Amino acid sequence: MSEALTLLERKHPDKASEVIFESLIGIDQQKDELVSTILFLFDKDRIKKWQHKHHRDGLVFVERVVAETPLVILSGEVGCGKSALANSVGTPVAKELKKRLTCFETPSDVRGGGRVGELSARVTSAFQQVTARIKGDDLGLLIIDEADDLATSRSQNQAHHEDRAGLNVLVKQIDAIARVKVNLVVILITNRVSVLDPAIIRRASVHLTFKRPNDQERRKVFEYLFTGTKLRDNEIEKLVEESRREPVPFSYSDLINRVAKQAVFRAVHFDKSFSPTIYLEVLKDVIPSPLIE
Ligand SMILES: Nc1ncnc2c1ncn2[C@@H]1O[C@H](COP(=O)(O)OP(=O)(O)OP(=O)(O)O)[C@@H](O)[C@H]1O
Ligand SMILES: [Mg+2]
């Protein structure tokens with residue numbers, strides 16, 4: 001049975017991740033919450049010291065908080081920065097804790113070829129590889145992206161026996177990290193939170209959701225995109241208005257990767273400056289990426 005599974009690996013802190021993390025716009029709340037949750041999950045001594053200082057006789061509730069399962073869920077709309085955030089968050093965390101952090105990511109073919117027992121074996125293999133590779137005091141993040149298939153509810157009628165077994169193994173492995181002394185946090189990413197199994201959702205220390213940008217968030221996107229150009233007073237407002245779409249708004253990726261990149265190509269081609277006019281010319285022909293059911 002081929003259950004070999006190759007995890008993608010990236011060391012943090014690293015300059016490229018820092019640039020990506022800093023360039024994520026409009027999702028400041030998710031960024032802050034993700035960093036502070038991961039810091040908390042890695043740095044249990046901090047809460048013990050805090051408890052010793054403020055609640056010397058013990059605070060019953062704290063025991064429960066300290067025993068949190070090191071699982072974070074990111075869910076929501078396509079093209080809003082879930083994967084980019086998960087892959088870059090290791091850098092601010094490693095810097096803050098002054099430690100080395102390795103980020104592992106399961107490949108998109110995590111399910112393998114679908115042979116009996118293969119999914120379970122591959123999930124087990126992912127956790128075994130990761131725990132073996134985190135040495136001593138180092139930190140690890142395991143990203144399970146596009147987790148919809150893997151963590152689909154056991155109660156869904158179409159859930160296949162193989163998938164249920166895979167999910168059981170995933171739940172077991174996540175529980176095991178909380179017990180063994182390994183500095184690992186798991187980040188599970190999905191578009192369709194509605195299909196996630198309650199056993200997974202219940203275990204998450206934090207569940208962050210991502211939405212397409214509203215007016216205020218699009219304003220931030222345009223302020224970023226047009227940094228370095230000279231804009232007239234109302235031009236940002238005009239961009240905000242003209243990029244408003246209902247009922248399916250543009251995603252961050254639509255506005256930045258589809259429209260702005262194309263507008264730059266066009267500006268270079270026609271030897272013009274990158275301006276709101278050229279941006280809006282491209283925008284008018286772009287349809288927002290479809291919503292996930
Ligand atoms: N909030 C954001 N700020 C700046 N750029 C963004 C943002 N969200 C997405 N992008 C851009 O779009 C690209 C794709 O985003 P990403 O893959 O992180 O989205 P996602 O939420 O994981 O989407 P999917 O659900 O389709 O996997 C990013 O690499 C980045 O270039
Ligand atoms: Mg993604």
# chains A, B, ... in the order shown; residues from 1 in each chain; ligands from 1
call {"tool": "residues_around", "arguments": {"residues": "Pro276 (chain A)", "least_positions_apart": "2", "cutoff": "10 Å", "atoms": "only C-alpha atoms", "output": "list in words"}}
result
Phe222, Leu225, Phe226, Thr229, Leu231, Arg232, Glu235, Ile236, Lys238, Leu239, Ala260, Ala263, Ser273, Phe274, Ile278, Tyr279, Leu280, Glu281 and Val282 of chain A
call {"tool": "residues_around", "arguments": {"residues": "Glu162 (chain A)", "least_positions_apart": "4", "cutoff": "12 Å", "atoms": "only C-alpha atoms", "output": "list in words"}}
result
Arg111, Gly112, Gly113, Gly114, Arg115, Val116, Gly117, Glu118, Leu119, Ser120, Ala121, Arg122, Asp149, Leu150, Ala151, Thr152, Arg154, Gln158, Gly166, Leu167, Asn168 and Val169 of chain A
call {"tool": "select_by_dssp", "arguments": {"residues": "region 12-97 of chain A", "states": "alpha helix (DSSP H)", "output": "MDAnalysis selection string"}}
result
chainID A and resid 15:23 28:42 44:54 60:66 82:88 90:97
call {"tool": "select_by_dssp", "arguments": {"residues": "region 36-279 of chain A", "states": "strand (DSSP E or B)", "output": "PDB file with C-alpha atoms, in the first residue's frame"}}
result
ATOM      1  CA  LEU A  71      -6.228  23.364  16.604  1.00  0.00           C
ATOM      2  CA  VAL A  72      -7.251  26.464  14.684  1.00  0.00           C
ATOM      3  CA  ILE A  73      -9.856  26.566  11.919  1.00  0.00           C
ATOM      4  CA  LEU A  74      -9.829  29.124   9.112  1.00  0.00           C
ATOM      5  CA  SER A  75     -12.933  29.108   6.975  1.00  0.00           C
ATOM      6  CA  GLY A  76     -14.792  31.232   4.503  1.00  0.00           C
ATOM      7  CA  LEU A 101       9.459  27.336  13.588  1.00  0.00           C
ATOM      8  CA  THR A 102       8.849  24.892  10.747  1.00  0.00           C
ATOM      9  CA  CYS A 103       5.643  25.015   8.812  1.00  0.00           C
ATOM     10  CA  PHE A 104       4.484  21.748   7.220  1.00  0.00           C
ATOM     11  CA  GLU A 105       1.694  21.531   4.717  1.00  0.00           C
ATOM     12  CA  LEU A 139       7.974  24.916  17.042  1.00  0.00           C
ATOM     13  CA  GLY A 140       5.846  23.414  14.298  1.00  0.00           C
ATOM     14  CA  LEU A 141       2.718  24.301  12.390  1.00  0.00           C
ATOM     15  CA  LEU A 142       0.840  21.689  10.392  1.00  0.00           C
ATOM     16  CA  ILE A 143      -1.423  23.178   7.749  1.00  0.00           C
ATOM     17  CA  ILE A 144      -4.187  20.994   6.375  1.00  0.00           C
ATOM     18  CA  THR A 152     -16.388  16.215   6.411  1.00  0.00           C
ATOM     19  CA  LEU A 184       2.716  21.712  17.342  1.00  0.00           C
ATOM     20  CA  VAL A 185      -0.324  23.700  16.275  1.00  0.00           C
ATOM     21  CA  VAL A 186      -2.630  22.412  13.516  1.00  0.00           C
ATOM     22  CA  ILE A 187      -4.325  24.864  11.153  1.00  0.00           C
ATOM     23  CA  LEU A 188      -7.275  23.435   9.274  1.00  0.00           C
ATOM     24  CA  ILE A 189      -8.538  25.443   6.296  1.00  0.00           C
ATOM     25  CA  THR A 190     -11.817  25.025   4.503  1.00  0.00           C
ATOM     26  CA  LEU A 196     -17.025  20.099   8.888  1.00  0.00           C
ATOM     27  CA  VAL A 206     -10.306  29.511  17.635  1.00  0.00           C
ATOM     28  CA  HIS A 207     -12.333  29.563  14.468  1.00  0.00           C
ATOM     29  CA  LEU A 208     -11.699  32.520  12.191  1.00  0.00           C
ATOM     30  CA  THR A 209     -13.968  33.307   9.279  1.00  0.00           C
ATOM     31  CA  PHE A 210     -13.066  35.236   6.145  1.00  0.00           C
TER      32      PHE A 210
END
call {"tool": "residues_near_ligand", "arguments": {"ligand": "ligand 1", "cutoff": "9 Å", "atoms": "only C-alpha atoms and all ligand atoms", "output": "PDB file with N, CA and C atoms, in the first residue's frame"}}
result
ATOM      1  N   ILE A  20       4.740  38.607   2.756  1.00  0.00           N
ATOM      2  CA  ILE A  20       3.376  38.149   2.462  1.00  0.00           C
ATOM      3  C   ILE A  20       2.440  38.522   3.618  1.00  0.00           C
ATOM      4  N   PHE A  21       2.886  38.238   4.841  1.00  0.00           N
ATOM      5  CA  PHE A  21       2.045  38.537   6.007  1.00  0.00           C
ATOM      6  C   PHE A  21       1.688  40.034   6.042  1.00  0.00           C
ATOM      7  N   GLU A  22       2.699  40.870   5.827  1.00  0.00           N
ATOM      8  CA  GLU A  22       2.463  42.319   5.860  1.00  0.00           C
ATOM      9  C   GLU A  22       1.560  42.773   4.722  1.00  0.00           C
ATOM     10  N   SER A  23       1.599  42.045   3.599  1.00  0.00           N
ATOM     11  CA  SER A  23       0.826  42.525   2.442  1.00  0.00           C
ATOM     12  C   SER A  23      -0.642  42.101   2.501  1.00  0.00           C
ATOM     13  N   LEU A  24      -1.009  41.313   3.504  1.00  0.00           N
ATOM     14  CA  LEU A  24      -2.423  40.913   3.597  1.00  0.00           C
ATOM     15  C   LEU A  24      -3.234  42.064   4.190  1.00  0.00           C
ATOM     16  N   ILE A  25      -4.235  42.479   3.433  1.00  0.00           N
ATOM     17  CA  ILE A  25      -4.967  43.702   3.763  1.00  0.00           C
ATOM     18  C   ILE A  25      -6.394  43.378   4.179  1.00  0.00           C
ATOM     19  N   GLY A  26      -6.951  44.198   5.048  1.00  0.00           N
ATOM     20  CA  GLY A  26      -8.384  44.112   5.353  1.00  0.00           C
ATOM     21  C   GLY A  26      -8.745  42.976   6.294  1.00  0.00           C
ATOM     22  N   ILE A  27      -7.758  42.155   6.656  1.00  0.00           N
ATOM     23  CA  ILE A  27      -8.059  41.026   7.543  1.00  0.00           C
ATOM     24  C   ILE A  27      -7.233  41.149   8.833  1.00  0.00           C
ATOM     25  N   ASP A  28      -7.081  42.390   9.281  1.00  0.00           N
ATOM     26  CA  ASP A  28      -6.251  42.641  10.470  1.00  0.00           C
ATOM     27  C   ASP A  28      -6.739  41.880  11.689  1.00  0.00           C
ATOM     28  N   LEU A  74      -9.611  27.938   9.943  1.00  0.00           N
ATOM     29  CA  LEU A  74      -9.829  29.124   9.112  1.00  0.00           C
ATOM     30  C   LEU A  74     -10.848  28.728   8.057  1.00  0.00           C
ATOM     31  N   SER A  75     -11.939  29.484   7.974  1.00  0.00           N
ATOM     32  CA  SER A  75     -12.933  29.108   6.975  1.00  0.00           C
ATOM     33  C   SER A  75     -13.476  30.345   6.289  1.00  0.00           C
ATOM     34  N   GLY A  76     -14.111  30.122   5.156  1.00  0.00           N
ATOM     35  CA  GLY A  76     -14.792  31.232   4.503  1.00  0.00           C
ATOM     36  C   GLY A  76     -14.505  31.312   3.029  1.00  0.00           C
ATOM     37  N   GLU A  77     -14.734  32.520   2.525  1.00  0.00           N
ATOM     38  CA  GLU A  77     -14.742  32.786   1.094  1.00  0.00           C
ATOM     39  C   GLU A  77     -13.430  32.487   0.373  1.00  0.00           C
ATOM     40  N   VAL A  78     -13.526  32.172  -0.883  1.00  0.00           N
ATOM     41  CA  VAL A  78     -12.331  31.964  -1.709  1.00  0.00           C
ATOM     42  C   VAL A  78     -11.592  33.291  -1.891  1.00  0.00           C
ATOM     43  N   GLY A  79     -10.286  33.191  -2.048  1.00  0.00           N
ATOM     44  CA  GLY A  79      -9.463  34.356  -2.394  1.00  0.00           C
ATOM     45  C   GLY A  79      -9.456  35.461  -1.370  1.00  0.00           C
ATOM     46  N   CYS A  80      -9.578  35.107  -0.093  1.00  0.00           N
ATOM     47  CA  CYS A  80      -9.574  36.145   0.943  1.00  0.00           C
ATOM     48  C   CYS A  80      -8.357  36.041   1.868  1.00  0.00           C
ATOM     49  N   GLY A  81      -7.417  35.191   1.526  1.00  0.00           N
ATOM     50  CA  GLY A  81      -6.144  35.178   2.253  1.00  0.00           C
ATOM     51  C   GLY A  81      -5.970  34.085   3.286  1.00  0.00           C
ATOM     52  N   LYS A  82      -6.839  33.076   3.292  1.00  0.00           N
ATOM     53  CA  LYS A  82      -6.708  32.024   4.302  1.00  0.00           C
ATOM     54  C   LYS A  82      -5.371  31.278   4.151  1.00  0.00           C
ATOM     55  N   SER A  83      -5.118  30.808   2.928  1.00  0.00           N
ATOM     56  CA  SER A  83      -3.887  30.037   2.714  1.00  0.00           C
ATOM     57  C   SER A  83      -2.656  30.923   2.882  1.00  0.00           C
ATOM     58  N   ALA A  84      -2.731  32.127   2.339  1.00  0.00           N
ATOM     59  CA  ALA A  84      -1.575  33.031   2.436  1.00  0.00           C
ATOM     60  C   ALA A  84      -1.281  33.362   3.902  1.00  0.00           C
ATOM     61  N   LEU A  85      -2.322  33.562   4.687  1.00  0.00           N
ATOM     62  CA  LEU A  85      -2.122  33.875   6.106  1.00  0.00           C
ATOM     63  C   LEU A  85      -1.536  32.673   6.854  1.00  0.00           C
ATOM     64  N   ALA A  86      -2.111  31.489   6.616  1.00  0.00           N
ATOM     65  CA  ALA A  86      -1.627  30.298   7.333  1.00  0.00           C
ATOM     66  C   ALA A  86      -0.157  30.028   7.010  1.00  0.00           C
ATOM     67  N   ASN A  87       0.201  30.234   5.754  1.00  0.00           N
ATOM     68  CA  ASN A  87       1.576  29.932   5.352  1.00  0.00           C
ATOM     69  C   ASN A  87       2.589  30.983   5.783  1.00  0.00           C
ATOM     70  N   ASP A 145      -4.718  22.191   4.346  1.00  0.00           N
ATOM     71  CA  ASP A 145      -5.485  23.143   3.528  1.00  0.00           C
ATOM     72  C   ASP A 145      -6.515  22.358   2.728  1.00  0.00           C
ATOM     73  N   GLU A 146      -7.533  23.056   2.261  1.00  0.00           N
ATOM     74  CA  GLU A 146      -8.601  22.395   1.490  1.00  0.00           C
ATOM     75  C   GLU A 146      -9.071  21.157   2.256  1.00  0.00           C
ATOM     76  N   ILE A 189      -7.938  24.398   7.139  1.00  0.00           N
ATOM     77  CA  ILE A 189      -8.538  25.443   6.296  1.00  0.00           C
ATOM     78  C   ILE A 189      -9.615  24.842   5.410  1.00  0.00           C
ATOM     79  N   THR A 190     -10.730  25.519   5.348  1.00  0.00           N
ATOM     80  CA  THR A 190     -11.817  25.025   4.503  1.00  0.00           C
ATOM     81  C   THR A 190     -12.662  26.169   3.956  1.00  0.00           C
ATOM     82  N   ASN A 191     -13.268  25.947   2.799  1.00  0.00           N
ATOM     83  CA  ASN A 191     -14.233  26.919   2.281  1.00  0.00           C
ATOM     84  C   ASN A 191     -15.612  26.655   2.861  1.00  0.00           C
ATOM     85  N   PHE A 210     -13.538  34.252   7.119  1.00  0.00           N
ATOM     86  CA  PHE A 210     -13.066  35.236   6.145  1.00  0.00           C
ATOM     87  C   PHE A 210     -14.190  35.584   5.186  1.00  0.00           C
ATOM     88  N   LYS A 211     -14.359  36.901   4.983  1.00  0.00           N
ATOM     89  CA  LYS A 211     -15.423  37.348   4.081  1.00  0.00           C
ATOM     90  C   LYS A 211     -14.823  38.199   2.970  1.00  0.00           C
ATOM     91  N   ARG A 212     -15.582  38.376   1.911  1.00  0.00           N
ATOM     92  CA  ARG A 212     -15.125  39.268   0.840  1.00  0.00           C
ATOM     93  C   ARG A 212     -15.132  40.699   1.361  1.00  0.00           C
ATOM     94  N   PRO A 213     -14.254  41.533   0.841  1.00  0.00           N
ATOM     95  CA  PRO A 213     -14.110  42.878   1.410  1.00  0.00           C
ATOM     96  C   PRO A 213     -15.344  43.776   1.223  1.00  0.00           C
ATOM     97  N   GLU A 217     -13.011  47.850   3.627  1.00  0.00           N
ATOM     98  CA  GLU A 217     -11.864  46.977   3.348  1.00  0.00           C
ATOM     99  C   GLU A 217     -11.355  47.179   1.926  1.00  0.00           C
ATOM    100  N   VAL A 221      -7.651  48.220   0.339  1.00  0.00           N
ATOM    101  CA  VAL A 221      -7.007  47.556  -0.810  1.00  0.00           C
ATOM    102  C   VAL A 221      -6.536  48.624  -1.805  1.00  0.00           C
ATOM    103  N   SER A 251     -13.617  39.288  -4.508  1.00  0.00           N
ATOM    104  CA  SER A 251     -12.746  38.832  -3.416  1.00  0.00           C
ATOM    105  C   SER A 251     -11.473  39.682  -3.451  1.00  0.00           C
ATOM    106  N   TYR A 252     -10.663  39.536  -2.413  1.00  0.00           N
ATOM    107  CA  TYR A 252      -9.370  40.243  -2.401  1.00  0.00           C
ATOM    108  C   TYR A 252      -8.537  39.814  -3.600  1.00  0.00           C
ATOM    109  N   SER A 253      -8.560  38.510  -3.844  1.00  0.00           N
ATOM    110  CA  SER A 253      -7.757  37.983  -4.941  1.00  0.00           C
ATOM    111  C   SER A 253      -8.244  38.534  -6.288  1.00  0.00           C
ATOM    112  N   ASP A 254      -9.562  38.689  -6.457  1.00  0.00           N
ATOM    113  CA  ASP A 254     -10.090  39.290  -7.696  1.00  0.00           C
ATOM    114  C   ASP A 254      -9.510  40.685  -7.872  1.00  0.00           C
ATOM    115  N   LEU A 255      -9.602  41.483  -6.813  1.00  0.00           N
ATOM    116  CA  LEU A 255      -9.211  42.904  -6.919  1.00  0.00           C
ATOM    117  C   LEU A 255      -7.709  43.069  -7.110  1.00  0.00           C
ATOM    118  N   ILE A 256      -6.948  42.178  -6.460  1.00  0.00           N
ATOM    119  CA  ILE A 256      -5.494  42.352  -6.483  1.00  0.00           C
ATOM    120  C   ILE A 256      -4.863  41.512  -7.598  1.00  0.00           C
ATOM    121  N   ASN A 257      -5.130  40.213  -7.568  1.00  0.00           N
ATOM    122  CA  ASN A 257      -4.426  39.342  -8.525  1.00  0.00           C
ATOM    123  C   ASN A 257      -5.034  39.340  -9.916  1.00  0.00           C
ATOM    124  N   ARG A 258      -6.333  39.487  -9.994  1.00  0.00           N
ATOM    125  CA  ARG A 258      -6.917  39.472 -11.341  1.00  0.00           C
ATOM    126  C   ARG A 258      -6.889  40.880 -11.929  1.00  0.00           C
ATOM    127  N   ILE A 292     -18.821  29.822  -3.109  1.00  0.00           N
ATOM    128  CA  ILE A 292     -18.819  28.373  -2.868  1.00  0.00           C
ATOM    129  C   ILE A 292     -20.185  28.030  -2.290  1.00  0.00           C
TER     130      ILE A 292
END
call {"tool": "residues_around", "arguments": {"residues": "region 34-40 of chain A", "least_positions_apart": "4", "cutoff": "7 Å", "atoms": "only C-alpha atoms", "output": "list in words"}}
result
Gln30, Lys44, Val89 and Val93 of chain A
call {"tool": "closest_residue", "arguments": {"among": "A:Ser108, A:Asn183, A:Gln128, A:Ser275", "to": "ligand 2", "atoms": "only C-alpha atoms and all ligand atoms"}}
result
A:Ser108
call {"tool": "atom_distance", "arguments": {"atom1": "CA of Glu33 (chain A)", "atom2": "CA of Glu18 (chain A)"}}
result
16.9 Å
call {"tool": "residues_around", "arguments": {"residues": "Lys99 (chain A)", "least_positions_apart": "3", "cutoff": "8 Å", "atoms": "only C-alpha atoms", "output": "PyMOL selection string"}}
result
chain A and resi 94-95+137-139
call {"tool": "closest_residue", "arguments": {"among": "A:Val110, A:Ala147, A:Val182, A:Ile287", "to": "ligand 2", "atoms": "only C-alpha atoms and all ligand atoms"}}
result
A:Ala147
call {"tool": "closest_residue", "arguments": {"among": "A:Arg218, A:Arg192, A:His269, A:Lys261", "to": "ligand 2", "atoms": "only C-alpha atoms and all ligand atoms"}}
result
A:Arg192
call {"tool": "closest_residue", "arguments": {"among": "A:Thr6, A:Gln216, A:Asp148, A:Asp233", "to": "ligand 2", "atoms": "only C-alpha atoms and all ligand atoms"}}
result
A:Asp148
call {"tool": "atom_distance", "arguments": {"atom1": "CA of Val171 (chain A)", "atom2": "CA of Lys31 (chain A)"}}
result
25.5 Å
call {"tool": "residues_around", "arguments": {"residues": "Leu7 (chain A)", "least_positions_apart": "5", "cutoff": "9 Å", "atoms": "only C-alpha atoms", "output": "JSON, numbers by chain"}}
result
{"A": [104, 105, 106, 107, 126, 129, 130]}
call {"tool": "decode", "arguments": {"residues": "region 48-85 of chain A", "atoms": "C-alpha atoms", "output": "short mmCIF file (atom, residue, chain, number, x, y, z; two decimals), in the first residue's frame"}}
result
data_model
loop_
_atom_site.label_atom_id
_atom_site.label_comp_id
_atom_site.auth_asym_id
_atom_site.auth_seq_id
_atom_site.Cartn_x
_atom_site.Cartn_y
_atom_site.Cartn_z
CA LYS A 48 1.34 29.79 34.31
CA LYS A 49 3.48 32.81 35.26
CA TRP A 50 0.48 35.09 34.91
CA GLN A 51 -1.57 32.76 37.09
CA HIS A 52 1.16 32.62 39.70
CA LYS A 53 1.22 36.40 39.82
CA HIS A 54 -2.50 37.16 39.82
CA HIS A 55 -4.20 34.02 41.16
CA ARG A 56 -1.73 32.33 43.44
CA ASP A 57 -4.36 30.04 44.93
CA GLY A 58 -5.19 28.75 41.46
CA LEU A 59 -7.91 29.62 39.03
CA VAL A 60 -9.94 26.54 38.19
CA PHE A 61 -10.93 27.74 34.76
CA VAL A 62 -7.32 28.25 33.72
CA GLU A 63 -6.65 24.52 33.78
CA ARG A 64 -9.22 24.13 31.07
CA VAL A 65 -7.76 26.93 29.01
CA VAL A 66 -4.26 25.49 29.30
CA ALA A 67 -5.53 22.10 28.16
CA GLU A 68 -6.83 23.60 24.90
CA THR A 69 -6.42 21.43 21.82
CA PRO A 70 -3.86 23.06 19.54
CA LEU A 71 -6.23 23.36 16.60
CA VAL A 72 -7.25 26.46 14.68
CA ILE A 73 -9.86 26.57 11.92
CA LEU A 74 -9.83 29.12 9.11
CA SER A 75 -12.93 29.11 6.98
CA GLY A 76 -14.79 31.23 4.50
CA GLU A 77 -14.74 32.79 1.09
CA VAL A 78 -12.33 31.96 -1.71
CA GLY A 79 -9.46 34.36 -2.39
CA CYS A 80 -9.57 36.14 0.94
CA GLY A 81 -6.14 35.18 2.25
CA LYS A 82 -6.71 32.02 4.30
CA SER A 83 -3.89 30.04 2.71
CA ALA A 84 -1.58 33.03 2.44
CA LEU A 85 -2.12 33.88 6.11
#
